[in-house]
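First up is the structure itself, then whatever we jot down about it.
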Amino acid sequence: MATEYSDHVESKDKQPRTARGLKTKRKLLDAAALEFGEKGFHEASITGITQRAGTALGSFYTYFDSKDELFTALVKDMSARVKSHASTAMTEWRDAFEREKLALNAFMSFAREHKEIYRIIDEAEFVDPASYRTHYQETAARIFERLQEGSASGDFRNGLDEGHAWAIMGMNVFLGLRYGIWSEDKSVDEVAAIANEILAEGIAARKT
C-alpha cells in the first residue's frame with residue numbers, strides 16, 4: 001500500500017511526533033485495512049493487526065486505545081486517501097464532463113487497488129455510523145461543489161442541487177462495486193465513459 005499519512009481525530013497525545021512514529025502508525029492503518037477487509041470488524045483482532053504490521057502489541061496502544069478507535073481512524077484515513085487520489089488525478093480538464101470522468105477514473109483505480117474499502121465502509125454503517133455518514137456527506141459535498149462550478153462554466157445546466165450530487169455518487173459507488181470489486185471485465189476508462197454519457201444526457205446545459 002501507499003505510504004501517505006492523513007491526520008485523524010484521536011487524542012492529541014496519541015499523535016505521532018517523529019518520522020518513525022508516523023511510519024509505525026501508517027503500518028498499523030495499512031495492516032488494519034487488510035485485517036478488517038479480510039475478516040470483518042468483529043472477527044478482526046488487535047493481535048492480527050500488529051502481526052500483519054510487524055509491530056509489537058505495545059505499539060498499537062501507543063496510537064490507539066481500542067479496536068473501535070482504530071476502525072474509526074481507518075474509515076477517516078481511507079476516505080481522505082480517496083479524496084487525495086481524486087485530487088491528484090484532477091489537475092487539468094477541458095470541461096466539467098472530463099473532470100467528472102477523471103474523478104470516477106481515479107476512484108475506480110483506487111478501489112481496484114484497495115478492494116477492502118467497500119467492506120470497511122459498509123461495516124462502518126453499523127460499527128461507526130457517524131464516520132459512515134461523514135464519509136458519504138463529504139463525498140457528496142465535493143461532487144456538489146464540482147456541479148456548481150460546472151453550471152457556472154456553462155457545461156452543466158442550472159438548477160442542480162444536492163440531490164443530483166448524491167445520485168451521481170450512488171452511480172459511482174455501484175459502478176465501482178460492479179467493475180472494481182466484483183470483476184474487472186471493463187477497463188476503468190470504459191466505465192468512466194458510461195457514467196459520462198449518462199451525465200451528458202442528464203445534466204448537460206441545454207443548447208439554444
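For the C-alpha cells, the naming scheme is as follows: chains receive sequential letters (A, B, ...) according to their order of presentation, residues are indexed from 1 within each chain, and ligands are indexed from 1 in presentation order.
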
List the spatial neighbours of Arg206 in chain A as a list in words - criterion: any atom at most 12 Å away, only C-alpha atoms, same-chain residues fewer than 5 positions off excluded. Ser151, Gly154, Asp155, Phe156, Arg157, Asn158, Ala200 and Glu201 of chain A

Please report as CSV every residue of range 13-97 of chain A lying within 12 Å of range 129-133 of chain A, along with the nearest atom pair and their distance in Å (one decimal), using only C-alpha atoms.
residue,atom,partner,partner_atom,distance
A:Asp68,CA,A:Ser131,CA,11.6
A:Glu69,CA,A:Ser131,CA,11.2
A:Phe71,CA,A:Ser131,CA,9.6
A:Thr72,CA,A:Ser131,CA,6.6
A:Ala73,CA,A:Ser131,CA,9.0
A:Leu74,CA,A:Ser131,CA,9.8
A:Val75,CA,A:Ser131,CA,6.7
A:Lys76,CA,A:Ser131,CA,7.0
A:Asp77,CA,A:Ser131,CA,10.6
A:Met78,CA,A:Ser131,CA,11.1
A:Ser79,CA,A:Ser131,CA,9.6
A:Ala80,CA,A:Ser131,CA,11.9

N, CA and C atoms of the current selection, written as a compact mmCIF listing (two decimals), in the first residue's frame:
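Heads up, here's the output in result-v3.txt:
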# COMPACT_ATOMS: atom_id res chain seq x y z
N ASP A 68 -12.00 -0.36 18.21
CA ASP A 68 -13.02 0.57 17.71
C ASP A 68 -12.40 1.90 17.26
N GLU A 69 -11.47 2.40 18.07
CA GLU A 69 -10.83 3.68 17.73
C GLU A 69 -10.00 3.55 16.46
N PHE A 71 -10.62 1.46 14.03
CA PHE A 71 -11.55 1.35 12.92
C PHE A 71 -12.05 2.73 12.49
N THR A 72 -12.38 3.57 13.45
CA THR A 72 -12.81 4.93 13.15
C THR A 72 -11.72 5.69 12.40
N ALA A 73 -10.49 5.56 12.88
CA ALA A 73 -9.36 6.23 12.23
C ALA A 73 -9.16 5.70 10.82
N LEU A 74 -9.38 4.40 10.64
CA LEU A 74 -9.19 3.79 9.32
C LEU A 74 -10.23 4.29 8.32
N VAL A 75 -11.48 4.41 8.75
CA VAL A 75 -12.53 4.93 7.85
C VAL A 75 -12.17 6.35 7.42
N LYS A 76 -11.74 7.17 8.35
CA LYS A 76 -11.35 8.54 8.01
C LYS A 76 -10.13 8.54 7.09
N ASP A 77 -9.20 7.66 7.37
CA ASP A 77 -7.99 7.58 6.57
C ASP A 77 -8.30 7.17 5.13
N MET A 78 -9.13 6.15 4.96
CA MET A 78 -9.46 5.68 3.61
C MET A 78 -10.25 6.74 2.85
N SER A 79 -11.15 7.41 3.54
CA SER A 79 -11.92 8.48 2.91
C SER A 79 -10.98 9.59 2.44
N ALA A 80 -10.02 9.95 3.28
CA ALA A 80 -9.06 11.00 2.93
C ALA A 80 -8.18 10.58 1.76

Please list as an MDAnalysis selection string every residue within 9 Å of range 164-167 of chain A, counting only C-alpha atoms and excluding residues in the same chain fewer than 2 positions away. chainID A and resid 136:137 139:147 160:162 169:172 203

Would you put the residues from that selection into a file with N, CA and C atoms, as a compact mmCIF listing (two decimals), in the first residue's frame?
# COMPACT_ATOMS: atom_id res chain seq x y z
N TYR A 136 -19.85 9.74 3.38
CA TYR A 136 -20.70 9.99 2.23
C TYR A 136 -21.13 11.46 2.13
N GLN A 137 -21.35 12.10 3.25
CA GLN A 137 -21.72 13.52 3.21
C GLN A 137 -20.60 14.36 2.62
N THR A 139 -18.18 13.28 0.63
CA THR A 139 -18.02 12.93 -0.79
C THR A 139 -19.06 13.64 -1.63
N ALA A 140 -20.31 13.61 -1.18
CA ALA A 140 -21.39 14.28 -1.92
C ALA A 140 -21.16 15.78 -1.98
N ALA A 141 -20.63 16.35 -0.90
CA ALA A 141 -20.36 17.80 -0.89
C ALA A 141 -19.31 18.17 -1.93
N ARG A 142 -18.30 17.32 -2.11
CA ARG A 142 -17.28 17.60 -3.12
C ARG A 142 -17.88 17.52 -4.53
N ILE A 143 -18.73 16.53 -4.74
CA ILE A 143 -19.37 16.40 -6.05
C ILE A 143 -20.27 17.60 -6.30
N PHE A 144 -21.04 18.01 -5.30
CA PHE A 144 -21.95 19.14 -5.46
C PHE A 144 -21.17 20.41 -5.79
N GLU A 145 -20.03 20.59 -5.16
CA GLU A 145 -19.20 21.75 -5.45
C GLU A 145 -18.76 21.74 -6.91
N ARG A 146 -18.39 20.56 -7.41
CA ARG A 146 -18.00 20.47 -8.82
C ARG A 146 -19.18 20.74 -9.74
N LEU A 147 -20.36 20.28 -9.35
CA LEU A 147 -21.55 20.53 -10.16
C LEU A 147 -21.85 22.02 -10.25
N LEU A 160 -29.13 22.52 -10.62
CA LEU A 160 -28.68 21.28 -9.99
C LEU A 160 -28.56 21.50 -8.49
N ASP A 161 -29.02 20.54 -7.71
CA ASP A 161 -28.92 20.70 -6.26
C ASP A 161 -28.21 19.51 -5.61
N GLU A 162 -28.25 19.48 -4.31
CA GLU A 162 -27.52 18.46 -3.57
C GLU A 162 -27.96 17.05 -3.97
N MET A 169 -23.08 10.25 -6.93
CA MET A 169 -22.25 9.45 -6.02
C MET A 169 -22.75 8.01 -5.98
N GLY A 170 -24.06 7.82 -5.93
CA GLY A 170 -24.61 6.47 -5.92
C GLY A 170 -24.23 5.70 -7.18
N MET A 171 -24.30 6.36 -8.31
CA MET A 171 -23.89 5.73 -9.56
C MET A 171 -22.43 5.33 -9.51
N ASN A 172 -21.58 6.21 -9.04
CA ASN A 172 -20.15 5.93 -8.98
C ASN A 172 -19.84 4.77 -8.03
N ILE A 203 -27.53 16.04 -17.32
CA ILE A 203 -27.34 17.34 -16.66
C ILE A 203 -26.60 18.34 -17.55

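Proximity to Phe36 in chain A was assessed for A:Lys101, A:Arg119, A:Lys207, A:Arg178 counting only C-alpha atoms; the smallest distance is recorded for A:Arg119.
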
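The space separating CA of Ile120 in chain A from CA of Leu199 in chain A comes to 28.5 Å.
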
Hey, what's within 8 Å of Ala33 in chain A if we count only C-alpha atoms and toss same-chain stuff fewer than 2 positions away? As a PyMOL selection string, please? chain A and resi 29-31+35-37+74+116-117+120

Include all heavy atoms and write out the residues we just selected as a PDB file, in the first residue's frame.
ATOM      1  N   LEU A  29      -2.344   1.215  10.252  1.00  0.00           N
ATOM      2  CA  LEU A  29      -3.531   1.511   9.451  1.00  0.00           C
ATOM      3  C   LEU A  29      -3.607   0.610   8.220  1.00  0.00           C
ATOM      4  O   LEU A  29      -4.674   0.090   7.876  1.00  0.00           O
ATOM      5  CB  LEU A  29      -3.528   2.986   9.036  1.00  0.00           C
ATOM      6  CG  LEU A  29      -3.855   3.987  10.141  1.00  0.00           C
ATOM      7  CD1 LEU A  29      -3.475   5.405   9.708  1.00  0.00           C
ATOM      8  CD2 LEU A  29      -5.326   3.925  10.510  1.00  0.00           C
ATOM      9  N   ASP A  30      -2.478   0.413   7.569  1.00  0.00           N
ATOM     10  CA  ASP A  30      -2.457  -0.451   6.382  1.00  0.00           C
ATOM     11  C   ASP A  30      -2.777  -1.898   6.769  1.00  0.00           C
ATOM     12  O   ASP A  30      -3.501  -2.595   6.061  1.00  0.00           O
ATOM     13  CB  ASP A  30      -1.096  -0.378   5.695  1.00  0.00           C
ATOM     14  CG  ASP A  30      -0.863   0.951   4.989  1.00  0.00           C
ATOM     15  OD1 ASP A  30      -1.834   1.696   4.806  1.00  0.00           O
ATOM     16  OD2 ASP A  30       0.300   1.231   4.633  1.00  0.00           O
ATOM     17  N   ALA A  31      -2.208  -2.342   7.887  1.00  0.00           N
ATOM     18  CA  ALA A  31      -2.477  -3.699   8.351  1.00  0.00           C
ATOM     19  C   ALA A  31      -3.938  -3.847   8.760  1.00  0.00           C
ATOM     20  O   ALA A  31      -4.569  -4.885   8.502  1.00  0.00           O
ATOM     21  CB  ALA A  31      -1.563  -4.037   9.530  1.00  0.00           C
ATOM     22  N   GLU A  35      -6.728  -6.539   7.583  1.00  0.00           N
ATOM     23  CA  GLU A  35      -7.372  -7.381   8.597  1.00  0.00           C
ATOM     24  C   GLU A  35      -8.895  -7.199   8.587  1.00  0.00           C
ATOM     25  O   GLU A  35      -9.646  -8.180   8.540  1.00  0.00           O
ATOM     26  CB  GLU A  35      -6.803  -7.051   9.977  1.00  0.00           C
ATOM     27  CG  GLU A  35      -7.387  -7.859  11.130  1.00  0.00           C
ATOM     28  CD  GLU A  35      -6.754  -9.230  11.322  1.00  0.00           C
ATOM     29  OE1 GLU A  35      -5.870  -9.591  10.513  1.00  0.00           O
ATOM     30  OE2 GLU A  35      -7.146  -9.940  12.261  1.00  0.00           O
ATOM     31  N   PHE A  36      -9.344  -5.965   8.622  1.00  0.00           N
ATOM     32  CA  PHE A  36     -10.787  -5.701   8.600  1.00  0.00           C
ATOM     33  C   PHE A  36     -11.387  -6.105   7.251  1.00  0.00           C
ATOM     34  O   PHE A  36     -12.505  -6.619   7.183  1.00  0.00           O
ATOM     35  CB  PHE A  36     -11.072  -4.223   8.867  1.00  0.00           C
ATOM     36  CG  PHE A  36     -10.822  -3.785  10.285  1.00  0.00           C
ATOM     37  CD1 PHE A  36     -10.057  -2.652  10.546  1.00  0.00           C
ATOM     38  CD2 PHE A  36     -11.354  -4.484  11.352  1.00  0.00           C
ATOM     39  CE1 PHE A  36      -9.830  -2.234  11.846  1.00  0.00           C
ATOM     40  CE2 PHE A  36     -11.131  -4.075  12.662  1.00  0.00           C
ATOM     41  CZ  PHE A  36     -10.361  -2.947  12.910  1.00  0.00           C
ATOM     42  N   GLY A  37     -10.650  -5.839   6.178  1.00  0.00           N
ATOM     43  CA  GLY A  37     -11.151  -6.169   4.851  1.00  0.00           C
ATOM     44  C   GLY A  37     -11.316  -7.659   4.649  1.00  0.00           C
ATOM     45  O   GLY A  37     -12.241  -8.111   3.975  1.00  0.00           O
ATOM     46  N   LEU A  74      -9.376   4.398  10.636  1.00  0.00           N
ATOM     47  CA  LEU A  74      -9.193   3.793   9.319  1.00  0.00           C
ATOM     48  C   LEU A  74     -10.230   4.294   8.324  1.00  0.00           C
ATOM     49  O   LEU A  74      -9.897   4.572   7.170  1.00  0.00           O
ATOM     50  CB  LEU A  74      -9.265   2.271   9.434  1.00  0.00           C
ATOM     51  CG  LEU A  74      -9.097   1.497   8.126  1.00  0.00           C
ATOM     52  CD1 LEU A  74      -7.717   1.755   7.516  1.00  0.00           C
ATOM     53  CD2 LEU A  74      -9.298   0.001   8.361  1.00  0.00           C
ATOM     54  N   GLU A 116     -10.547  -3.752  -0.273  1.00  0.00           N
ATOM     55  CA  GLU A 116     -11.094  -3.842   1.079  1.00  0.00           C
ATOM     56  C   GLU A 116     -11.924  -2.628   1.461  1.00  0.00           C
ATOM     57  O   GLU A 116     -12.709  -2.671   2.419  1.00  0.00           O
ATOM     58  CB  GLU A 116      -9.972  -4.021   2.106  1.00  0.00           C
ATOM     59  CG  GLU A 116      -9.014  -2.854   2.258  1.00  0.00           C
ATOM     60  CD  GLU A 116      -7.876  -2.841   1.238  1.00  0.00           C
ATOM     61  OE1 GLU A 116      -7.858  -3.708   0.337  1.00  0.00           O
ATOM     62  OE2 GLU A 116      -7.012  -1.961   1.353  1.00  0.00           O
ATOM     63  N   ILE A 117     -11.806  -1.541   0.709  1.00  0.00           N
ATOM     64  CA  ILE A 117     -12.504  -0.311   1.080  1.00  0.00           C
ATOM     65  C   ILE A 117     -14.009  -0.506   1.147  1.00  0.00           C
ATOM     66  O   ILE A 117     -14.683   0.049   2.017  1.00  0.00           O
ATOM     67  CB  ILE A 117     -12.150   0.855   0.126  1.00  0.00           C
ATOM     68  CG1 ILE A 117     -12.764   2.163   0.649  1.00  0.00           C
ATOM     69  CG2 ILE A 117     -12.587   0.568  -1.308  1.00  0.00           C
ATOM     70  CD1 ILE A 117     -12.355   3.387  -0.131  1.00  0.00           C
ATOM     71  N   ILE A 120     -15.024  -2.289   4.410  1.00  0.00           N
ATOM     72  CA  ILE A 120     -14.775  -1.427   5.566  1.00  0.00           C
ATOM     73  C   ILE A 120     -15.812  -0.319   5.660  1.00  0.00           C
ATOM     74  O   ILE A 120     -16.384  -0.074   6.729  1.00  0.00           O
ATOM     75  CB  ILE A 120     -13.350  -0.854   5.499  1.00  0.00           C
ATOM     76  CG1 ILE A 120     -12.334  -1.983   5.723  1.00  0.00           C
ATOM     77  CG2 ILE A 120     -13.150   0.258   6.530  1.00  0.00           C
ATOM     78  CD1 ILE A 120     -10.917  -1.620   5.368  1.00  0.00           C
TER      79      ILE A 120
END

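Using only C-alpha atoms, the smallest distance between any of A:Phe64, A:Ala195, A:Ala32, A:Gly21 and Asn105 in chain A comes from A:Ala195.
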
List every residue of range 9-112 of chain A that DSSP, applied to the backbone of this structure, assigns to alpha helix (DSSP H), and report them as a VMD selection string. chain A and resid 19 to 39 46 to 53 57 to 63 67 to 89 96 to 112

Please write the residues from the selection above to a file, keeping C-alpha atoms, as a short mmCIF file (atom, residue, chain, number, x, y, z; two decimals), in the first residue's frame.
data_model
loop_
_atom_site.label_atom_id
_atom_site.label_comp_id
_atom_site.auth_asym_id
_atom_site.auth_seq_id
_atom_site.Cartn_x
_atom_site.Cartn_y
_atom_site.Cartn_z
CA ALA A 19 9.02 10.21 11.41
CA ARG A 20 9.36 6.76 12.93
CA GLY A 21 6.08 7.20 14.74
CA LEU A 22 4.34 8.27 11.54
CA LYS A 23 5.70 5.20 9.78
CA THR A 24 4.55 2.88 12.56
CA LYS A 25 1.06 4.33 12.61
CA ARG A 26 0.89 4.05 8.83
CA LYS A 27 1.85 0.37 9.12
CA LEU A 28 -0.93 -0.19 11.66
CA LEU A 29 -3.53 1.51 9.45
CA ASP A 30 -2.46 -0.45 6.38
CA ALA A 31 -2.48 -3.70 8.35
CA ALA A 32 -5.89 -2.85 9.79
CA ALA A 33 -7.26 -2.31 6.27
CA LEU A 34 -6.18 -5.83 5.34
CA GLU A 35 -7.37 -7.38 8.60
CA PHE A 36 -10.79 -5.70 8.60
CA GLY A 37 -11.15 -6.17 4.85
CA GLU A 38 -10.46 -9.89 5.07
CA LYS A 39 -12.16 -10.81 8.35
CA ILE A 46 -5.58 -6.36 17.52
CA THR A 47 -3.05 -9.19 17.60
CA GLY A 48 -3.77 -9.98 13.96
CA ILE A 49 -3.30 -6.34 13.04
CA THR A 50 0.02 -5.98 14.85
CA GLN A 51 1.27 -9.23 13.35
CA ARG A 52 0.42 -8.01 9.85
CA ALA A 53 2.09 -4.68 10.63
CA LEU A 57 1.46 -5.15 20.63
CA GLY A 58 2.51 -2.21 22.76
CA SER A 59 2.94 -0.09 19.64
CA PHE A 60 -0.77 -0.43 18.97
CA TYR A 61 -1.69 1.16 22.29
CA THR A 62 0.78 3.96 21.69
CA TYR A 63 -1.55 5.25 18.97
CA LYS A 67 -10.00 -1.72 18.02
CA ASP A 68 -13.02 0.57 17.71
CA GLU A 69 -10.83 3.68 17.73
CA LEU A 70 -8.56 2.19 15.09
CA PHE A 71 -11.55 1.35 12.92
CA THR A 72 -12.81 4.93 13.15
CA ALA A 73 -9.36 6.23 12.23
CA LEU A 74 -9.19 3.79 9.32
CA VAL A 75 -12.53 4.93 7.85
CA LYS A 76 -11.35 8.54 8.01
CA ASP A 77 -7.99 7.58 6.57
CA MET A 78 -9.46 5.68 3.61
CA SER A 79 -11.92 8.48 2.91
CA ALA A 80 -9.06 11.00 2.93
CA ARG A 81 -6.98 8.83 0.62
CA VAL A 82 -9.82 8.52 -1.90
CA LYS A 83 -10.13 12.31 -1.85
CA SER A 84 -6.37 12.75 -2.28
CA HIS A 85 -6.25 10.20 -5.09
CA ALA A 86 -9.02 12.00 -6.97
CA SER A 87 -7.49 15.43 -6.39
CA THR A 88 -4.18 14.25 -7.80
CA ALA A 89 -5.93 12.96 -10.92
CA ALA A 96 -16.76 19.75 -16.35
CA PHE A 97 -17.56 16.42 -18.01
CA GLU A 98 -13.93 15.47 -18.33
CA ARG A 99 -13.44 16.48 -14.71
CA GLU A 100 -16.13 14.03 -13.60
CA LYS A 101 -14.63 11.35 -15.81
CA LEU A 102 -11.24 11.86 -14.19
CA ALA A 103 -12.81 11.72 -10.73
CA LEU A 104 -14.53 8.40 -11.40
CA ASN A 105 -11.45 7.03 -13.13
CA ALA A 106 -9.40 7.83 -10.03
CA PHE A 107 -11.96 6.25 -7.69
CA MET A 108 -12.17 3.10 -9.81
CA SER A 109 -8.39 2.77 -9.85
CA PHE A 110 -8.22 3.22 -6.08
CA ALA A 111 -10.99 0.67 -5.48
CA ARG A 112 -9.27 -1.91 -7.65
#
